[in-house]
Amino acid sequence: MSTTSGTGTGSIRAGRTVRMPEAPVSEREARSVTGWGPLAASLAVIALAASLQAAIGKPWSAITGAVLYVFAVINLFGLTGVFPGQARVVSLFGRYTGTVRATGLRWVNPFTARRKVSTRVRNHETTTLKVNDADGNPIEMAAVVVWQVRDTAKAVYSVDDFAAFVAIQTETAVRHIATGYPYDAREEGRLSLRQHADEITARLSAEISERVELAGIAVIESRITRLAYAPEIAQVMLRRQQADAVVAARRRLVEGAVGMVRDALDSLSEQEIVELDEERKATMVSNLLVVLCSEHATQPVVNTGTLYQ
């Protein structure tokens with residue numbers, strides 16, 4: 001279930017919003033070049049410096065060689081390897097200068113600091129949370145969220161630890177969703193956690209997205225992995241569900257039996273098989289309902305007299 005992030009302030013439900021501060025920076029591309037050219041140049045300079053220092057009786061050669069050697073070593077510090085699924089956040093003396101996403105051996109300003117940030121897709125599963133649903137019943141709920149760093153600058157500079165930030169905000173969103181809906185809907189048209197899983201997970205994904213957008217995180221999907229009543233009321237709620245199921249089954253059975261009796265009476269009347277007065281119709285309806293609605297097999301009774309004797 002893919003979701004798209006908004007502006008950082010969006011409505012999950014009527015009257016409820018998630019408000020986050022603005023991110024201090026946004027990702028931009030850092031200046032970098034392929035590192036093979038600077039690597040070859042540095043090695044060549046090191047070889048030249050070694051040859052100059054090997055010269056005997058020429059002080060200027062030793063000094064020049066030492067300077068070239070220092071220059072080559074500093075140049076090598078600008079080399080950085082970027083693997084697939086990673087990025088390098090580059091800063092110079094505390095100022096963000098850009099992000100390197102191009103993979104392979106890259107070369108940047110040797111005096112910059114480079115922080116490795118994973119851009120791979122990650123999973124986070126919450127622990128089983130015990131909360132009260134909208135009806136006040138204690139339930140246990142857990143969820144898993146699939147996420148990815150989309151803006152490396154926000155991930156590094158907006159929060160202290162973006163992985164921990166995702167974990168805490170996911171747990172907060174799960175608690176919020178759990179307390180906003182009942183476990184089972186007792187009213188027609190009311191969303192419930194158990195009966196409307198797709199709608200609930202969509203709202204869960206939307207709320208997590210708004211909460212973690214500050215850190216440059218994109219939520220790919222979220223799913224509820226555990227949903228159950230708390231152990232102290234599980235047995236009571238199970239009996240309640242069983243009673244509701246029995247009532248619903250009885251209602252369906254009676255509705256079907258009434259329809260079958262109506263069809264039987266209409267068919268007898270249309271085909272003029274037998275003439276029934278109101279009392280005989282009532283007796284027939286009673287007998288058919290007993291046969292159709294009884295839980296046990298009925299025993300036929302043969303009436304050798306008449307209805308009125």
# chains A, B, ... in the order shown; residues from 1 in each chain; ligands from 1
>>> residues_around(residues="range 42-45 of chain A", least_positions_apart="4", cutoff="10 Å", atoms="only C-alpha atoms", output="PyMOL selection string")
chain A and resi 36-38+49-51+65+68-76
>>> select_by_dssp(residues="range 155-258 of chain A", states="strand (DSSP E or B)", output="list in words")
Ile217, Ala218, Val219, Ile220, Glu221, Ser222, Arg223, Ile224, Thr225, Arg226, Leu227, Ala228 and Tyr229 of chain A
>>> closest_residue(among="A:Asn137, A:Phe165, A:Glu171, A:Thr225", to="Asp184 in chain A", atoms="only C-alpha atoms")
A:Asn137
>>> select_by_dssp(residues="range 135-226 of chain A", states="alpha helix (DSSP H)", output="number ranges by chain")
A: 152-157, 162-180, 197-212
>>> closest_residue(among="A:Trp147, A:Tyr183, A:Phe83, A:Tyr96", to="Ala218 in chain A", atoms="only C-alpha atoms")
A:Trp147
>>> closest_residue(among="A:Thr97, A:Ser192, A:Gln271, A:Gln148", to="Gly85 in chain A", atoms="only C-alpha atoms")
A:Gln148
>>> atom_distance(atom1="CA of Glu279 in chain A", atom2="CA of Arg262 in chain A")
15.5 Å
